[in-house]
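Peer 1: Have a look at the structure that comes next, please.
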Amino acid sequence: MSDNERILKFHILRYNPQIKGDTPTMKTYEIKEAPGMTIFIALNEIREKYDPSIQFDFICRAGICGSCAMIINGQPDLACRTLTSKFPEGEIKLLPLPGFELIGDLSVNTGKFMRQMSERVESWIHDKYAENVDLCKLEERMDPDTADEIYELERCVECGCCVSACATKRMREGFLSAVGFMRLARYALDPRDKRSDEEFYEIMGDDDGVFGCMTLLGCQDYCPKDLPHQTQIAYLRRKMALIN
Amino acid sequence: MKVIYTDSLVIGGGLAGLRVAIASRQRGCDTIVLSLMPAKRSHSAAAQGGMQASLGASIKGEGDNEEVHFGDTVKGSDWGCDQDVARMFVNTAPKAIRQLTAWGVPWSRVRRGDREVVINGKKVTITEKSEAHGLITSRDFGGTKKWRTCFTSDGTGHTMLYAMDNKAIELGIPVHERKEAIALIHEDGVCHGAVVRDLVTGELIAYVAKATTIATGGYGRLYAVSTNAVISEGIGTAIALETGVATLGNMEAVQFHPTAIVPVGILTTEGCRGDGGLLLDKDGYRFMPDYEPDKKELASRDVVSRRMTEHIRKGKGVPSRYGDHLWLDITLLGKAHIDKNLREVKEICEYFLGIDPVKEYIPVRPTQHYSMGGVRTKATGESPTLKGLFSAGESACWDMHGFNRLGGNSVAETVVAGMIVGEYVADHCDNNSLNINTKLIEKFIRREENKIIKLLNRDTGENPFELKKEMQNIMMDKVGIFRNGADLEKAVEELKVLNQRARNIALRNRISTSNPELVEAIRVPKMIKLAQCVAYGAMLRTESRGAHAREDFPERNDKDWLKRTLTTWSSEDADLPEISYEDLNIMKMEMPPGSRGYGVDNTVHHPDTEKRVAEIEEIQAANPDADRFEMQELLNPIEIPEKFRGKNERIGRGFK
Ligand SMILES: Cc1cc2nc3c(=O)[nH]c(=O)nc-3n(C[C@H](O)[C@H](O)[C@H](O)COP(=O)(O)OP(=O)(O)OC[C@H]3O[C@@H](n4cnc5c(N)ncnc54)[C@H](O)[C@@H]3O)c2cc1C
Ligand code: SF4
Ligand code: SF4
Ligand code: FES
């Protein structure tokens, strides 16, 4: 935590599509930096002191819920856990996350995208006996390593950083994107999900799926939860190529 | 006027709300979930440490069962809980966790053979049995006799919420996001749904339903520093209060968690201490054994928080520009363990403190964490006074936590309550028809509309952000960990003034569509009312019980105070809630009041306690052959929905 006070300049894209005739403009706000200040703290101060209309989404403010992804000085990241001290120049430019429907200012509709993604990859355990499990009996066993590996992939917080960093997604509107691949890899790894490779192929075996991915790995570079995009996308491609 | 009709309306898309929605959907009811945000971002996702269920698969959980879990829960509540509900809960928790397993939660599992753990500051080797290999494992948590807290690394809530929401998506349950319920529609003691504001367009929509469930989480943000999400503002609880008909229970019961980081109040999980972490003072001295020689760092939360505060008051805190704090030391757990089982904690330390907890101590301080109080319900989850209104999860006072909840019992409650209450919600939908006059709907929509128009038209007045800050500071300073009559009286008076001022809010940004200032202006008066319920309830309760600690009344007083606080707000013009009490019946308790085993026992006992103890002894003597299930049936017969009644299997002991 740095103790020297400085004035931070926030350049923020302002645009409210709910207001007829509003057009996107950059606005600048100056505030005094405080020790340990995060962009969450700074934006709330701007809202409370200077401009109560400014829109952004924070919930956990602890890097856990994935609500607050935005473009911070050119890079997608979680704003709540980004310290202002990270920027020696004291200039911070904030843009809404591209690739999602804009709600207003820095708020985007990741929820709609993620729900559609979940429906598309059928993001749930497929096992026709699951509903008939006798809840009184011991649970099905799982190898401890397998459980840990599934958790690694399940750490995704649906923040959308990977989607916004993906060149393919920009060109192909219907591209499933890395978050979808991670979800599929998670279920493909899970012995409780009884889907066959052919069924997974149905979901991702085309250019909107894993064959459209150019493996440039913008996704991995910007994933705040460090999911193993590279190895998992490669794994899915191999698996799907075998079916082809 | 836009009206949406459904059978089961669930306000809140956290663990509790989604589980209720799943239950009612599976029973064939048309179901809609409302949420301020995408459901997966609900605060349930932040639970790191784990979920209590007495599976007893890990060697340190051996011998655990419903009885032991029940005992811990009742003791933890300082006998303030509803023992019927605690019973329903402990009996159903193993089923809840097993169902979540089938739905995809990747619980951490038992690995056979030796492993090194830290217990009481020392490395110890424990040996897991071969026959338990691959079953769900558990860790130690405060206030529990056994290692009972099941977990997924330290992302338990996240994995539970993802599994739950994915199940809801599989069932096609619609979640209407960015919608805020701002009032309940009701008449003649029956709830018919809610007036809901679309946070993007500003439109008011009436959601009309046979059953309405409030599952909106806690009210932690009444306090300036809280571990809770910024949306944990208690609005669901407040709209129940504002009906004037529904009651709130035990609002003064507010829990402080021992270890949130300083200054921002982000939680480091109890798993840190459960796994062997220690609390140290400014001299690097481990002080908890001096205060609590038996449970030390793993005493119940309320106890540890108070001991820490006492120690800081003795001048043993570490001074900082944000006030004194203490240290949480997890360095002794080692890098491998922290990287794997306390990874979120590590990330939080790196990002928000710039430290590496593998090598450095974490600055911590007790911080507001959990709301035991909430919408008062019967064991079925329904309000005893407003028909058709249900509540589950942290927003409810179903009352299995009494005056202090145990770590790991909350996410467990959300799911168990969701299962049980969900069945009663479905029953209610089956047995009732949608029967509502559109005039009534219109009346409620107009009322809310007028309030908003007034807000938008007022030229000068109070700033909602300022009012909220003032309220949060009053709660922090005067209704905190330790309480006393003088401060509480001041808090009650000051909040009353804020309540008046909140009737005169004016906005700088006067548009009715997406407008964060308007959102604040709608919420703040509701939050102030809740704060008044907490402060007033705390002022009147002249005893100490669980998390409610009065310096001027340090003893637990069962004789006068073994009762639940009920709060109502009868008219819009009132500037103080009305408070009444509901006795807890000792003569029906399975576990009559006793000592929690912390510090000196200065309980003022109730005359019934002795009677009930004797009665239980008689029952036990008269039924020498009764097993534990039969004994429970004799002492505390409870109703659980048919499908959750069976006995739970455990490794090594079958269904015994
Ligand atoms: C940091 C932290 C760690 C924790 N760790 C643990 C742990 O390890 N173990 C444990 O047992 N417990 C833990 N808890 C407690 C536990 O996580 C919560 O009590 C529990 O998850 C609450 O779940 P819920 O479903 O009741 O509410 P929430 O998950 O808070 O969900 C509330 C929902 O209501 C919606 N909502 C709110 N108001 C409105 C409104 N007016 N209109 C429409 N929708 C609304 C929100 O959008 C949200 O979807 C922890 C709590 C915190 C703060
Ligand atoms: S590797 Fe590149 S193309 Fe493929 S998902 Fe990641 S960012 Fe997109
Ligand atoms: S994969 Fe990573 S970047 Fe993509 S949504 Fe999940 S957490 Fe965010
Ligand atoms: S607010 Fe939750 S991740 Fe930033």
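By convention in this document, the chains of the structure tokens carry letters A, B, ... by their order, each chain's residues are numbered from 1, and ligands are numbered from 1 in the order they are shown.
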Can you tell me which residues surround range 3-20 of chain A at a distance of at most 10 Å, considering only C-alpha atoms, apart from same-chain residues fewer than 6 positions away, and format the answer as a ChimeraX atom specification?

Peer 2: /A:26-36,39,42-43,46,53-55,72-73,84-85,87-96,102-107 /B:200-202,511-515

Peer 1: Please return as a count of residues only the residues found within 10 Å of ligand 3, counting only C-alpha atoms and all ligand atoms.

Peer 2: 42

Peer 1: Which residues are close to range 554-557 of chain B, i.e. within 7 Å by only C-alpha atoms, leaving aside same-chain residues fewer than 6 positions away? Reply as a ChimeraX atom specification.

Peer 2: /B:543-545,602-605

Peer 1: Identify all chain A residues at most 8 Å from chain B by counting only C-alpha atoms; ligands do not count. Present them as an NGL selection string.

Peer 2: :A and (1 or 18 or 36 or 48 or 52-55 or 58-67 or 81-83 or 103 or 111 or 115 or 118-119 or 122-125 or 130-131 or 133 or 135-144 or 147-148 or 150-151 or 154-155 or 192)

Peer 1: Kindly give the distance, in Å, that separates CA of Lys145 in chain B and CA of Met591 in chain B, rounded to a single decimal.

Peer 2: 16.1 Å

Peer 1: How many Å lie between CA of Pro191 in chain A and CA of Gly56 in chain B, rounded to one decimal?

Peer 2: 23.8 Å

Peer 1: Can you tell me which residues sit at most 6 Å away from ligand 1, counting only C-alpha atoms and all ligand atoms, written as a ChimeraX atom specification?

Peer 2: /B:11-17,34-37,39,42-44,46-51,179-182,215-217,227-228,235-236,267,369,393-395,407-412,414

Peer 1: Can you tell me how far CA of Phe100 in chain A sits from CA of Ile22 in chain B, in Å to one decimal?

Peer 2: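 These two atoms are separated by 28.4 Å.
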
Peer 1: Go through A:Phe113, A:Phe56, A:Phe211, A:Tyr129 and flag the residue nearest ligand 4, using only C-alpha atoms and all ligand atoms for the distances.

Peer 2: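 Among the listed residues, the smallest separation from ligand 4 belongs to A:Phe56.
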
Peer 1: Pick out the residues sitting within 7 Å of Leu389 in chain B, and hand them over as a list in words; count only C-alpha atoms, and ignore anything fewer than 4 positions along from it in its own chain.

Peer 2: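 In the requested format, the answer is Cys191, Ala211, Thr212, Thr213, Glu382 and Ser383 of chain B.
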
Peer 1: Could you save the residues just selected, with N, CA, C and O atoms, as an mmCIF file, in the first residue's frame?

Peer 2:
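File written: again-v3.cif
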```
data_model
loop_
_atom_site.group_PDB
_atom_site.id
_atom_site.type_symbol
_atom_site.label_atom_id
_atom_site.label_comp_id
_atom_site.auth_asym_id
_atom_site.auth_seq_id
_atom_site.Cartn_x
_atom_site.Cartn_y
_atom_site.Cartn_z
ATOM 1 N N CYS B 191 -50.660 -13.038 1.093
ATOM 2 C CA CYS B 191 -49.700 -12.419 0.178
ATOM 3 C C CYS B 191 -49.976 -12.901 -1.246
ATOM 4 O O CYS B 191 -50.202 -14.085 -1.477
ATOM 5 N N ALA B 211 -47.781 -18.551 -4.239
ATOM 6 C CA ALA B 211 -46.824 -18.554 -3.126
ATOM 7 C C ALA B 211 -45.665 -17.631 -3.469
ATOM 8 O O ALA B 211 -45.162 -17.672 -4.589
ATOM 9 N N THR B 212 -45.270 -16.806 -2.524
ATOM 10 C CA THR B 212 -44.139 -15.899 -2.720
ATOM 11 C C THR B 212 -43.081 -16.244 -1.677
ATOM 12 O O THR B 212 -43.381 -16.296 -0.483
ATOM 13 N N THR B 213 -41.862 -16.501 -2.148
ATOM 14 C CA THR B 213 -40.800 -16.867 -1.208
ATOM 15 C C THR B 213 -39.716 -15.800 -1.200
ATOM 16 O O THR B 213 -39.188 -15.445 -2.253
ATOM 17 N N GLU B 382 -43.409 -20.917 6.157
ATOM 18 C CA GLU B 382 -44.438 -19.911 5.892
ATOM 19 C C GLU B 382 -44.517 -18.911 7.040
ATOM 20 O O GLU B 382 -44.316 -19.273 8.206
ATOM 21 N N SER B 383 -44.784 -17.671 6.709
ATOM 22 C CA SER B 383 -44.983 -16.666 7.751
ATOM 23 C C SER B 383 -46.178 -17.070 8.601
ATOM 24 O O SER B 383 -47.221 -17.445 8.064
#
```

Peer 1: Write out as a VMD selection string the set of residues from range 134-308 of chain B that DSSP, computed on the backbone, places in helix (DSSP H, G or I).

Peer 2: chain B and resid 156 to 170 220 to 222 235 to 241 271 to 274 288 to 291 296 to 298 301 to 308

Peer 1: Go through B:Pro593, B:Gly422, B:Gly315, B:Pro363 and flag the residue nearest Val20 in chain B, using only C-alpha atoms for the distances.

Peer 2: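 Nearest to Val20 in chain B: B:Gly422.
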
Peer 1: Quick one: everything within 10 Å of Arg237 in chain A, counting only C-alpha atoms, minus sequence neighbours fewer than 6 positions away in the same chain. Send it as JSON, numbers by chain.

Peer 2: {"A": [201, 204, 205, 209, 210, 211, 213, 231]}

Peer 1: I need the residues of range 22-176 of chain A that end up classed as strand (DSSP E or B) by DSSP on the backbone, written out as a list in words.

Peer 2: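 Output for range 22-176 of chain A, strand (DSSP E or B) only: Thr25, Met26, Lys27, Thr28, Tyr29, Glu30, Ile31, Lys32, Thr38, Ala69, Met70, Ile71, Ile72, Gln75, Pro76, Asp77, Leu78, Leu83, Glu91, Ile92, Lys93, Leu94, Leu95, Leu102, Ile103, Gly104, Ser107 and Val108 of chain A.
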
Peer 1: Nearest to ligand 2: which of A:Ala79, A:Ala167, A:Ala234, A:Met70 is it, counting only C-alpha atoms and all ligand atoms?

Peer 2: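 Using only C-alpha atoms and all ligand atoms, ligand 2 sits closest to A:Ala167.
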
Peer 1: Nearest residue to Glu199 in chain A out of A:Met171, A:Leu184, A:Met117, A:Lys112, using only C-alpha atoms?

Peer 2: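 The answer is A:Leu184, which sits nearest to Glu199 in chain A.
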